[in-house]
Amino acid sequence: MGLVTWARTRSPWLIHFNGAACNACDIEIVAVLTPRFDVERFGGVLKGSPRHADVLVVSGSISRKLKSRLKRIYDQMPEPKFVVAVGSCANTGGTFQDCYNVMEGVDKVIPVNAYVVGCPPKPEAILDGVVKLLKSAGY
Amino acid sequence: MSYVEENKKTLERFIEVVGKENVLDSKITKEKRFYVTIKVEKLRDAVTYIKEKEGLFHLSTITGVDYGEEREVNYHFNRPNLIFTIKVRVTGDKPVVPSITDIINGATIFEREVYDLIGVTPEGHPNPKRLLMTEEWPEGIFPLLKKWDVKSLRKAVDGEEWT
Amino acid sequence: MSDTEFSVPIGPQHPALKEPASFLFKVDGEVVVDVEPRVGYNHRGIEKAMEARTYIQNLYLTERVCGICSNAHQTLYAINVEDVAGITIPPRAKYLRTFVHELERIHSHLLWVGVAAHEIGFDTLFYYVWRDREVVLDILEEISGNRVNYAWNAIGGVRRDIPSDNIPKFQKMLDILAERTKYYTQVATTESTITNRAAGVGYCSKADMIRLCGVGPHARASGVNKDTRRDNPYLAYDEIPWNVVTTESGDVLGNVVVRVGELVESVGIAKYVLDHLPDGPIREKFSPMQKIPEGEAVNMIEAQRGEDIHYLCSKGDNKPYRYKIRAPTMANIPSLMVKLKGGYIADIPIVLAGIDPCFSCTDRMVFVDESKEKTWDMTDDELRRYGIRWYANGLNK
């Protein structure tokens with residue numbers, strides 16, 4: 001593979017979006033940064049702005065108020081971009097499936113490339129999801 | 001235990017101050033759990049009294065319950081070793097309770113939530129806007145009423161069935 | 001509105017723990033003049049969903065109101081149902097519930113210290129604290145099987161027991177934690193990186209706190225001596241010796257001091273519980289479709305962020321008629337507004353982080369320049385870096 005592709009695979013810059021989550025997935029995502037799990041050995045950093053990011057990590061069952069915000073953040077990311085849905089709520093709505101204010105799953109709002117299962121998934125699982133995503137994206 | 005006696009005396013004094021004819025029901029489920037149902041008109045006097053004279057100045061929360069014909073609003077006050085709940089019942093399509101925000105400043109946010117979910121308007125509230133629902137949420141739809149279930153609620157708000 | 005005032009929206013990417021919430025700030029130069037909170041981004045409709053599920057199914061749902069206070073909400077729910085159903089839980093179950101309740105408090109306060117350190121740019125402390133937090137999560141994983149959302153409570157007791165062989169190992173791990181929390185107490189109160197950003201910032205007086213019904217460590221930092229574990233005792237707290245931690249300063253440094261003090265207390269309580277665990281069964285019987293009698297119950301516990309109160313109304317069915325959850329952060333919003341007004345824009349992240357906000361529990365940042373008709377958004381990261389640069393350049397002098 002070319003130099004650019006090699007560089008892209010080795011440095012996935014992540015941005016995290018909390019879509020009305022209960023915070024369990026979020027603290028596991030932040031735990032991925034900490035010394036025990038350490039996403040930085042894969043070249044990943046958590047950025048603050050969508051314009052700098054390659055991978056959008058979404059947690060939470062998206063509430064009605066957040067639908068347009070999520071779409072906007074996704075649109076602001078430059079190509080190539082990937083979306084990882086973390087946790088049961090982001091996958092299908094999870095335990096909040098029949099709640100009136102909840103969109104059932106991130107893929108109802110934006111296209112998703114990888115689903116990480118769990119409630120919440122362990123940090124190792126989240127790391128695994130991001131790494132597998134990059135491998136399988138043809139890079 | 002001293003607080004048992006103290007709690008009972010608090011209840012007796014409360015009934016006397018509010019007036020026996022204004023107290024519709026009073027229940028003691030446990031030594032530290034008292035529930036008193038009073039007439040809506042006496043709400044502000046009752047709250048002022050317990051705040052100033054009974055040490056019940058901490059309002060934990062306000063709960064709204066939909067009983068179909070009536071809607072009940074519960075004001076949960078507490079002090080060490082007592083949770084004292086004042087209940088009022090209101091009827092009608094657009095029920096109203098007097099706001100207690102000027103007496104208990106912390107009530108401002110709880111009254112807005114009760115309006116948002118159960119539809120009981122706090123009259124005299126400085127900022128009676130919805131708290132939790134989006135700006136696009138239609139007027140007059142209060143999600144926690146028993147007449148809505150999730151399907152009909154989504155239909156009423158979004159217009160078409162969700163997939 | 002004068003010519004020089006303008007409002008600044010932040011959000012809904014929240015500055016502190018990346019939770020969605022929006023605040024509309026009206027500012028004059030660098031000083032915040034007014035603030036309006038806009039919550040509801042996290043509102044999922046849990047209370048309505050609870051009315052459609054049985055009591056056992058609701059155990060699963062109440063745990064997911066918030067991932068950090070998950071066990072607190074579930075414990076309170078179980079207490080409420082047992083109250084109406086007339087079930088008394090065995091003593092061993094009481095102590096086991098207390099143990100996990102305190103462990104969760106430890107993990108939450110450690111998480112908070114890390115996040116607060118991150119907000120002021122002190123990332124080293126953030127990494128240290130989160131590494132030590134893993135010790136607590138290891139204990140929790142060993143006794144329950146999961147790091148977060150432990151499914152510890154059943155209606156009538158707890159679901160799993162702690163075998164007595166494991167207790168010496170947990171005692172050792174708690175000893176390590178006791179050492180580390182002593183170190184953090186010292187760092188938090190003497191390290192100038194923290195005191196410069198936290199002392200005198202975000203002040204709320206004791207009178208205002210009482211008037212606005214503030215709860216939890218946020219209220220205890222302003223000198224309000226209120227703790228549900230002592231005032232309305234539940235579980236095993238009336239049998240365990242412990243102290244309420246308060247301080248008088250009323251600012252963000254007060255928040256730090258109170259929380260680190262509570263860390264030390266919680267480790268002590270957890271060790272005491274392990275030493276004095278009574279023998280016996282761990283749960284009473286409660287069948288999946290069991291109906292409970294008609295009645296109502298209201299109970300409070302001291303969750304990590306303050307007094308949590310739930311109300312249950314039952315009509316004799318196997319589903320609740322009405323269940324109300326009022327989580328602590330909602331009660332702290334009015335006093336948060338007092339803390340933000342009169343402060344600098346650069347202080348907003350640390351003051352917001354100071355109340356340990358949990359908007360998932362609550363619900364379920366726009367800056368507007370009206371004079372120039374300019375609206376600009378700051379993302380949470382930009383605001384955080386703005387604050388760090390502002391103080392580093394000595395602009396607060």
# chains A, B, ... in the order shown; residues from 1 in each chain; ligands from 1
>>> residues_around(residues="C:Leu110", least_positions_apart="4", cutoff="8 Å", atoms="only C-alpha atoms", output="PyMOL selection string")
chain C and resi 106+114+129-130+133+263
>>> residues_around(residues="stretch 54-69 of chain A", least_positions_apart="3", cutoff="7 Å", atoms="only C-alpha atoms", output="PyMOL selection string")
(chain A and resi 12-22+25-26+72-73+80-87+89-90+93+101-106+109) or (chain B and resi 134) or (chain C and resi 41-44)
>>> write_last_selection(atoms="N, CA and C atoms", output="short mmCIF file (atom, residue, chain, number, x, y, z; two decimals), in the first residue's frame")
data_model
loop_
_atom_site.label_atom_id
_atom_site.label_comp_id
_atom_site.auth_asym_id
_atom_site.auth_seq_id
_atom_site.Cartn_x
_atom_site.Cartn_y
_atom_site.Cartn_z
N PRO A 12 -5.03 6.75 13.53
CA PRO A 12 -6.45 7.10 13.49
C PRO A 12 -6.76 8.16 14.53
N TRP A 13 -7.20 9.30 14.11
CA TRP A 13 -7.57 10.36 15.05
C TRP A 13 -9.05 10.25 15.32
N LEU A 14 -9.35 10.11 16.62
CA LEU A 14 -10.71 9.81 17.01
C LEU A 14 -11.42 11.06 17.52
N ILE A 15 -12.69 11.14 17.27
CA ILE A 15 -13.51 12.11 17.98
C ILE A 15 -14.68 11.37 18.59
N HIS A 16 -15.03 11.77 19.77
CA HIS A 16 -16.06 11.05 20.50
C HIS A 16 -17.32 11.92 20.58
N PHE A 17 -18.44 11.33 20.28
CA PHE A 17 -19.71 12.04 20.38
C PHE A 17 -20.61 11.28 21.34
N ASN A 18 -21.10 11.99 22.34
CA ASN A 18 -21.97 11.37 23.32
C ASN A 18 -23.40 11.69 22.94
N GLY A 19 -24.13 10.70 22.45
CA GLY A 19 -25.50 10.95 22.02
C GLY A 19 -26.50 10.49 23.04
N ALA A 20 -26.67 11.24 24.10
CA ALA A 20 -27.62 10.88 25.16
C ALA A 20 -27.30 9.51 25.73
N ALA A 21 -26.04 9.31 26.06
CA ALA A 21 -25.66 8.02 26.65
C ALA A 21 -25.74 8.10 28.15
N CYS A 22 -25.73 6.93 28.79
CA CYS A 22 -25.78 6.93 30.23
C CYS A 22 -24.40 7.17 30.82
N CYS A 25 -20.55 3.84 28.60
CA CYS A 25 -19.68 3.66 27.42
C CYS A 25 -18.66 4.78 27.36
N ASP A 26 -19.07 5.98 27.77
CA ASP A 26 -18.15 7.11 27.67
C ASP A 26 -16.96 6.96 28.59
N ARG A 72 -24.64 16.98 11.77
CA ARG A 72 -23.76 18.10 11.46
C ARG A 72 -22.30 17.75 11.71
N ILE A 73 -22.06 17.06 12.83
CA ILE A 73 -20.68 16.67 13.13
C ILE A 73 -20.17 15.71 12.07
N PRO A 80 -11.29 10.44 4.05
CA PRO A 80 -12.17 9.32 4.36
C PRO A 80 -12.53 9.29 5.83
N LYS A 81 -13.75 8.94 6.11
CA LYS A 81 -14.16 8.95 7.50
C LYS A 81 -14.89 7.66 7.83
N PHE A 82 -14.82 7.28 9.09
CA PHE A 82 -15.46 6.06 9.54
C PHE A 82 -16.24 6.34 10.80
N VAL A 83 -17.24 5.51 11.03
CA VAL A 83 -18.06 5.68 12.23
C VAL A 83 -18.09 4.37 12.98
N VAL A 84 -17.82 4.46 14.27
CA VAL A 84 -17.89 3.28 15.13
C VAL A 84 -19.00 3.52 16.13
N ALA A 85 -19.95 2.60 16.20
CA ALA A 85 -21.04 2.72 17.18
C ALA A 85 -20.67 1.84 18.36
N VAL A 86 -20.54 2.47 19.53
CA VAL A 86 -20.06 1.75 20.71
C VAL A 86 -21.22 1.49 21.66
N GLY A 87 -21.43 0.24 22.01
CA GLY A 87 -22.44 -0.08 23.01
C GLY A 87 -23.77 -0.45 22.40
N CYS A 89 -26.70 0.63 23.05
CA CYS A 89 -27.60 1.74 22.75
C CYS A 89 -27.32 2.34 21.39
N ALA A 90 -26.03 2.47 21.05
CA ALA A 90 -25.70 3.04 19.76
C ALA A 90 -26.01 2.06 18.64
N GLY A 93 -30.33 0.91 20.00
CA GLY A 93 -31.21 1.55 20.98
C GLY A 93 -31.12 0.86 22.33
N ASN A 101 -38.32 9.22 23.28
CA ASN A 101 -37.44 10.29 22.83
C ASN A 101 -36.18 9.78 22.16
N VAL A 102 -36.15 8.50 21.82
CA VAL A 102 -34.90 7.88 21.42
C VAL A 102 -34.98 7.39 19.98
N MET A 103 -33.95 7.73 19.19
CA MET A 103 -33.83 7.11 17.86
C MET A 103 -33.18 5.77 18.10
N GLU A 104 -33.63 4.74 17.45
CA GLU A 104 -33.12 3.45 17.85
C GLU A 104 -31.88 3.09 17.07
N GLY A 105 -30.75 3.61 17.49
CA GLY A 105 -29.51 3.23 16.84
C GLY A 105 -28.94 4.37 16.01
N VAL A 106 -27.62 4.42 15.97
CA VAL A 106 -26.95 5.48 15.24
C VAL A 106 -27.17 5.34 13.74
N VAL A 109 -29.36 7.54 11.67
CA VAL A 109 -29.02 8.93 11.43
C VAL A 109 -27.85 9.07 10.44
N THR B 134 -37.79 19.18 23.14
CA THR B 134 -37.16 20.02 22.13
C THR B 134 -38.03 21.22 21.80
N TYR C 41 -31.07 17.23 26.49
CA TYR C 41 -30.44 16.47 25.42
C TYR C 41 -30.34 15.00 25.77
N ASN C 42 -30.29 14.73 27.10
CA ASN C 42 -30.13 13.37 27.52
C ASN C 42 -31.45 12.72 27.88
N HIS C 43 -32.55 13.38 27.59
CA HIS C 43 -33.85 12.87 28.03
C HIS C 43 -34.25 11.71 27.15
N ARG C 44 -34.40 10.54 27.74
CA ARG C 44 -34.72 9.37 26.96
C ARG C 44 -36.13 8.84 27.20
#
>>> closest_atom_pairs(of="chain A", to="chain B", cutoff="7 Å", atoms="only C-alpha atoms", output="CSV")
residue,atom,partner,partner_atom,distance
A:Lys65,CA,B:Thr134,CA,5.8
A:Asp98,CA,B:Val150,CA,6.7
A:Cys99,CA,B:Val150,CA,6.5
A:Tyr100,CA,B:Val150,CA,5.4
>>> residues_around(residues="stretch 7-13 of chain B", least_positions_apart="6", cutoff="8 Å", atoms="only C-alpha atoms", output="PyMOL selection string")
chain B and resi 31-32+54+82
>>> write_last_selection(atoms="C-alpha atoms", output="PDB file, in the first residue's frame")
ATOM      1  CA  GLU B  31     -41.997   6.567  61.389  1.00  0.00           C
ATOM      2  CA  LYS B  32     -40.228   8.837  58.944  1.00  0.00           C
ATOM      3  CA  GLU B  54     -40.842  23.219  61.173  1.00  0.00           C
ATOM      4  CA  LEU B  82     -38.405  12.793  58.202  1.00  0.00           C
TER       5      LEU B  82
END
>>> closest_atom_pairs(of="chain C", to="chain B", cutoff="10 Å", atoms="only C-alpha atoms", output="tab-separated table")
residue	atom	partner	partner_atom	distance
C:Pro37	CA	B:Leu131	CA	9.4
C:Arg38	CA	B:Leu131	CA	7.4
C:Val39	CA	B:Leu132	CA	6.1
C:Gly40	CA	B:Leu132	CA	4.0
C:Tyr41	CA	B:Leu132	CA	7.5
C:Asn42	CA	B:Leu132	CA	8.6
C:His43	CA	B:Leu132	CA	6.6
C:Arg44	CA	B:Leu132	CA	9.8
C:Gly45	CA	B:Pro143	CA	8.4
C:Glu47	CA	B:Leu144	CA	7.9
C:Lys48	CA	B:Leu144	CA	6.1
C:Ala49	CA	B:Val150	CA	8.3
C:Glu51	CA	B:Lys146	CA	9.6
C:Ala52	CA	B:Asp149	CA	9.1
C:Asp83	CA	B:Lys30	CA	9.7
C:Val84	CA	B:Thr29	CA	9.6
C:Asp208	CA	B:Asn105	CA	9.4
C:Met209	CA	B:Gly106	CA	9.2
C:Ile210	CA	B:His58	CA	7.4
C:Arg211	CA	B:Asn105	CA	6.1
C:Leu212	CA	B:Gly106	CA	4.0
C:Cys213	CA	B:Gly106	CA	5.2
C:Gly214	CA	B:Gly106	CA	7.9
C:Val215	CA	B:Ser60	CA	9.0
C:Lys226	CA	B:Pro80	CA	8.8
C:Asp227	CA	B:Pro80	CA	9.2
C:Thr228	CA	B:Pro80	CA	8.1
C:Arg230	CA	B:Pro80	CA	8.1
C:Asp231	CA	B:Pro80	CA	4.4
C:Asn232	CA	B:Asn81	CA	5.1
C:Pro233	CA	B:Asn81	CA	8.0
C:Gly295	CA	B:Thr29	CA	9.1
C:Glu296	CA	B:Thr29	CA	8.6
C:Ala297	CA	B:Arg33	CA	8.2
C:Val298	CA	B:Arg33	CA	7.7
C:Asn299	CA	B:Ile83	CA	8.2
C:Met300	CA	B:Ile83	CA	9.0
C:Glu307	CA	B:Ser60	CA	8.2
C:Asp308	CA	B:Ser60	CA	8.6
C:Ile309	CA	B:Ser60	CA	7.2
C:His310	CA	B:Thr61	CA	9.2
C:Tyr311	CA	B:Thr63	CA	7.9
C:Cys313	CA	B:Val65	CA	8.7
C:Tyr321	CA	B:Val65	CA	8.9
C:Arg322	CA	B:Val65	CA	6.8
C:Tyr323	CA	B:Val65	CA	9.1
C:Lys324	CA	B:Thr63	CA	6.8
C:Ile325	CA	B:Thr63	CA	9.0
C:Arg326	CA	B:Thr61	CA	6.7
C:Ala327	CA	B:Thr61	CA	9.4
C:Pro328	CA	B:Ser60	CA	9.3
C:Met330	CA	B:Ile109	CA	7.7
C:Ala331	CA	B:Gly106	CA	7.3
C:Asn332	CA	B:Gly106	CA	8.8
C:Ile333	CA	B:Ile109	CA	8.0
C:Pro334	CA	B:Gly106	CA	6.6
C:Ser335	CA	B:Gly106	CA	8.4
C:Thr362	CA	B:Leu132	CA	9.7
C:Asp363	CA	B:Leu132	CA	6.7
C:Arg364	CA	B:Leu132	CA	8.0
>>> atom_distance(atom1="atom CA of C:Ile292", atom2="atom CA of C:Tyr95")
24.9 Å
>>> select_by_dssp(residues="stretch 49-289 of chain C", states="strand (DSSP E or B)", output="PyMOL selection string")
chain C and resi 153-154+157-158+283
>>> write_last_selection(atoms="N, CA and C atoms", output="PDB file, in the first residue's frame")
ATOM      1  N   ASN C 153     -27.917  -5.732  42.593  1.00  0.00           N
ATOM      2  CA  ASN C 153     -29.107  -5.830  43.442  1.00  0.00           C
ATOM      3  C   ASN C 153     -30.157  -6.737  42.853  1.00  0.00           C
ATOM      4  N   ALA C 154     -30.856  -7.428  43.762  1.00  0.00           N
ATOM      5  CA  ALA C 154     -32.080  -8.116  43.402  1.00  0.00           C
ATOM      6  C   ALA C 154     -33.136  -7.533  44.310  1.00  0.00           C
ATOM      7  N   GLY C 157     -32.566  -8.415  48.122  1.00  0.00           N
ATOM      8  CA  GLY C 157     -31.193  -8.650  48.564  1.00  0.00           C
ATOM      9  C   GLY C 157     -30.203  -8.388  47.444  1.00  0.00           C
ATOM     10  N   VAL C 158     -29.144  -9.147  47.426  1.00  0.00           N
ATOM     11  CA  VAL C 158     -28.146  -9.015  46.365  1.00  0.00           C
ATOM     12  C   VAL C 158     -28.077 -10.313  45.591  1.00  0.00           C
ATOM     13  N   ARG C 283     -30.438 -13.156  49.971  1.00  0.00           N
ATOM     14  CA  ARG C 283     -31.632 -12.564  49.390  1.00  0.00           C
ATOM     15  C   ARG C 283     -32.899 -13.257  49.825  1.00  0.00           C
TER      16      ARG C 283
END
>>> residues_around(residues="C:Ile388", least_positions_apart="6", cutoff="12 Å", atoms="only C-alpha atoms", output="NGL selection string")
:C and (117-123 or 193-194 or 196-197 or 345-350 or 381-382 or 394-396)
>>> write_last_selection(atoms="N, CA and C atoms", output="PDB file, in the first residue's frame")
ATOM      1  N   ALA C 117      -8.737  17.503  36.822  1.00  0.00           N
ATOM      2  CA  ALA C 117      -7.337  17.779  36.513  1.00  0.00           C
ATOM      3  C   ALA C 117      -7.157  17.989  35.012  1.00  0.00           C
ATOM      4  N   HIS C 118      -7.850  17.178  34.220  1.00  0.00           N
ATOM      5  CA  HIS C 118      -7.756  17.328  32.772  1.00  0.00           C
ATOM      6  C   HIS C 118      -8.272  18.685  32.330  1.00  0.00           C
ATOM      7  N   GLU C 119      -9.342  19.165  32.986  1.00  0.00           N
ATOM      8  CA  GLU C 119      -9.927  20.450  32.604  1.00  0.00           C
ATOM      9  C   GLU C 119      -8.966  21.605  32.804  1.00  0.00           C
ATOM     10  N   ILE C 120      -8.107  21.511  33.848  1.00  0.00           N
ATOM     11  CA  ILE C 120      -7.188  22.626  34.043  1.00  0.00           C
ATOM     12  C   ILE C 120      -5.851  22.356  33.388  1.00  0.00           C
ATOM     13  N   GLY C 121      -5.763  21.285  32.634  1.00  0.00           N
ATOM     14  CA  GLY C 121      -4.550  21.044  31.869  1.00  0.00           C
ATOM     15  C   GLY C 121      -3.533  20.194  32.594  1.00  0.00           C
ATOM     16  N   PHE C 122      -3.917  19.644  33.748  1.00  0.00           N
ATOM     17  CA  PHE C 122      -2.967  18.888  34.556  1.00  0.00           C
ATOM     18  C   PHE C 122      -3.109  17.422  34.184  1.00  0.00           C
ATOM     19  N   ASP C 123      -2.673  17.060  32.969  1.00  0.00           N
ATOM     20  CA  ASP C 123      -2.965  15.719  32.480  1.00  0.00           C
ATOM     21  C   ASP C 123      -2.224  14.619  33.223  1.00  0.00           C
ATOM     22  N   THR C 193      -0.632  24.208  40.819  1.00  0.00           N
ATOM     23  CA  THR C 193      -1.359  24.136  39.546  1.00  0.00           C
ATOM     24  C   THR C 193      -2.856  24.078  39.789  1.00  0.00           C
ATOM     25  N   ILE C 194      -3.236  23.340  40.834  1.00  0.00           N
ATOM     26  CA  ILE C 194      -4.664  23.190  41.113  1.00  0.00           C
ATOM     27  C   ILE C 194      -5.184  24.396  41.872  1.00  0.00           C
ATOM     28  N   ASN C 196      -4.207  27.467  42.030  1.00  0.00           N
ATOM     29  CA  ASN C 196      -4.342  28.699  41.259  1.00  0.00           C
ATOM     30  C   ASN C 196      -5.620  28.740  40.453  1.00  0.00           C
ATOM     31  N   ARG C 197      -6.017  27.593  39.919  1.00  0.00           N
ATOM     32  CA  ARG C 197      -7.224  27.588  39.085  1.00  0.00           C
ATOM     33  C   ARG C 197      -8.488  27.386  39.903  1.00  0.00           C
ATOM     34  N   ILE C 345     -14.920  33.803  31.634  1.00  0.00           N
ATOM     35  CA  ILE C 345     -15.189  32.744  30.666  1.00  0.00           C
ATOM     36  C   ILE C 345     -14.204  31.603  30.858  1.00  0.00           C
ATOM     37  N   ALA C 346     -12.943  31.962  31.157  1.00  0.00           N
ATOM     38  CA  ALA C 346     -11.924  30.922  31.281  1.00  0.00           C
ATOM     39  C   ALA C 346     -12.211  29.983  32.436  1.00  0.00           C
ATOM     40  N   ASP C 347     -13.062  30.393  33.373  1.00  0.00           N
ATOM     41  CA  ASP C 347     -13.353  29.534  34.514  1.00  0.00           C
ATOM     42  C   ASP C 347     -14.499  28.583  34.271  1.00  0.00           C
ATOM     43  N   ILE C 348     -15.198  28.778  33.162  1.00  0.00           N
ATOM     44  CA  ILE C 348     -16.408  27.972  32.964  1.00  0.00           C
ATOM     45  C   ILE C 348     -16.139  26.471  33.010  1.00  0.00           C
ATOM     46  N   PRO C 349     -15.105  25.948  32.313  1.00  0.00           N
ATOM     47  CA  PRO C 349     -14.945  24.485  32.356  1.00  0.00           C
ATOM     48  C   PRO C 349     -14.743  23.953  33.762  1.00  0.00           C
ATOM     49  N   ILE C 350     -13.938  24.653  34.575  1.00  0.00           N
ATOM     50  CA  ILE C 350     -13.632  24.078  35.872  1.00  0.00           C
ATOM     51  C   ILE C 350     -14.825  24.215  36.822  1.00  0.00           C
ATOM     52  N   ASP C 381     -13.216  21.416  23.695  1.00  0.00           N
ATOM     53  CA  ASP C 381     -11.759  21.389  23.736  1.00  0.00           C
ATOM     54  C   ASP C 381     -11.199  22.793  23.591  1.00  0.00           C
ATOM     55  N   GLU C 382     -11.825  23.583  22.692  1.00  0.00           N
ATOM     56  CA  GLU C 382     -11.341  24.951  22.497  1.00  0.00           C
ATOM     57  C   GLU C 382     -11.520  25.759  23.754  1.00  0.00           C
ATOM     58  N   GLY C 394      -1.338  34.812  32.542  1.00  0.00           N
ATOM     59  CA  GLY C 394      -1.508  35.745  33.655  1.00  0.00           C
ATOM     60  C   GLY C 394      -2.607  36.760  33.426  1.00  0.00           C
ATOM     61  N   LEU C 395      -3.604  36.403  32.589  1.00  0.00           N
ATOM     62  CA  LEU C 395      -4.631  37.389  32.258  1.00  0.00           C
ATOM     63  C   LEU C 395      -5.632  37.601  33.369  1.00  0.00           C
ATOM     64  N   ASN C 396      -5.557  36.716  34.409  1.00  0.00           N
ATOM     65  CA  ASN C 396      -6.510  36.911  35.484  1.00  0.00           C
ATOM     66  C   ASN C 396      -6.025  37.954  36.483  1.00  0.00           C
TER      67      ASN C 396
END
>>> atom_distance(atom1="atom CA of C:Gln304", atom2="atom CA of C:Ala178")
18.5 Å
>>> residues_around(residues="stretch 90-93 of chain B", least_positions_apart="2", cutoff="6 Å", atoms="only C-alpha atoms", output="PDB file with N, CA and C atoms, in the first residue's frame")
ATOM      1  N   GLU B  70     -58.028  13.156  37.674  1.00  0.00           N
ATOM      2  CA  GLU B  70     -57.278  14.144  38.457  1.00  0.00           C
ATOM      3  C   GLU B  70     -55.791  13.985  38.187  1.00  0.00           C
ATOM      4  N   ARG B  71     -55.047  15.070  38.463  1.00  0.00           N
ATOM      5  CA  ARG B  71     -53.593  14.929  38.466  1.00  0.00           C
ATOM      6  C   ARG B  71     -53.106  15.356  39.839  1.00  0.00           C
ATOM      7  N   PRO B  95     -54.802  21.983  34.062  1.00  0.00           N
ATOM      8  CA  PRO B  95     -54.769  22.228  35.516  1.00  0.00           C
ATOM      9  C   PRO B  95     -53.640  23.175  35.909  1.00  0.00           C
TER      10      PRO B  95
END
>>> residues_around(residues="stretch 36-50 of chain B", least_positions_apart="5", cutoff="6 Å", atoms="only C-alpha atoms", output="JSON, numbers by chain")
{"B": [22, 23, 24, 25, 26, 56, 86, 87, 88]}
>>> write_last_selection(atoms="C-alpha atoms", output="PDB file, in the first residue's frame")
ATOM      1  CA  ASN B  22     -58.436  21.870  54.366  1.00  0.00           C
ATOM      2  CA  VAL B  23     -56.666  18.587  55.067  1.00  0.00           C
ATOM      3  CA  LEU B  24     -58.261  15.911  52.890  1.00  0.00           C
ATOM      4  CA  ASP B  25     -56.110  12.968  53.954  1.00  0.00           C
ATOM      5  CA  SER B  26     -53.066  12.225  56.064  1.00  0.00           C
ATOM      6  CA  LEU B  56     -38.586  21.650  56.462  1.00  0.00           C
ATOM      7  CA  ILE B  86     -47.574  17.500  50.686  1.00  0.00           C
ATOM      8  CA  LYS B  87     -50.006  16.362  48.008  1.00  0.00           C
ATOM      9  CA  VAL B  88     -52.486  18.455  46.068  1.00  0.00           C
TER      10      VAL B  88
END
>>> closest_residue(among="A:Leu70, A:Cys119, A:Leu46, A:Ala114", to="A:Val32", atoms="only C-alpha atoms")
A:Leu46
>>> closest_residue(among="C:Val33, C:Pro90, C:Trp112, C:Ala85", to="chain A", atoms="only C-alpha atoms")
C:Trp112
>>> atom_distance(atom1="atom CA of C:Ser108", atom2="atom CA of A:Ile29")
15.4 Å
>>> select_by_dssp(residues="chain A", states="alpha helix (DSSP H)", output="count of residues only")
45
>>> residues_around(residues="A:Val39", least_positions_apart="2", cutoff="10 Å", atoms="only C-alpha atoms", output="PyMOL selection string")
chain A and resi 12+29-37+41-46+123-124+126-127+130-131
>>> closest_residue(among="C:Arg131, C:Arg64, C:Arg229, C:Lys172", to="A:Ser88", atoms="only C-alpha atoms")
C:Arg64
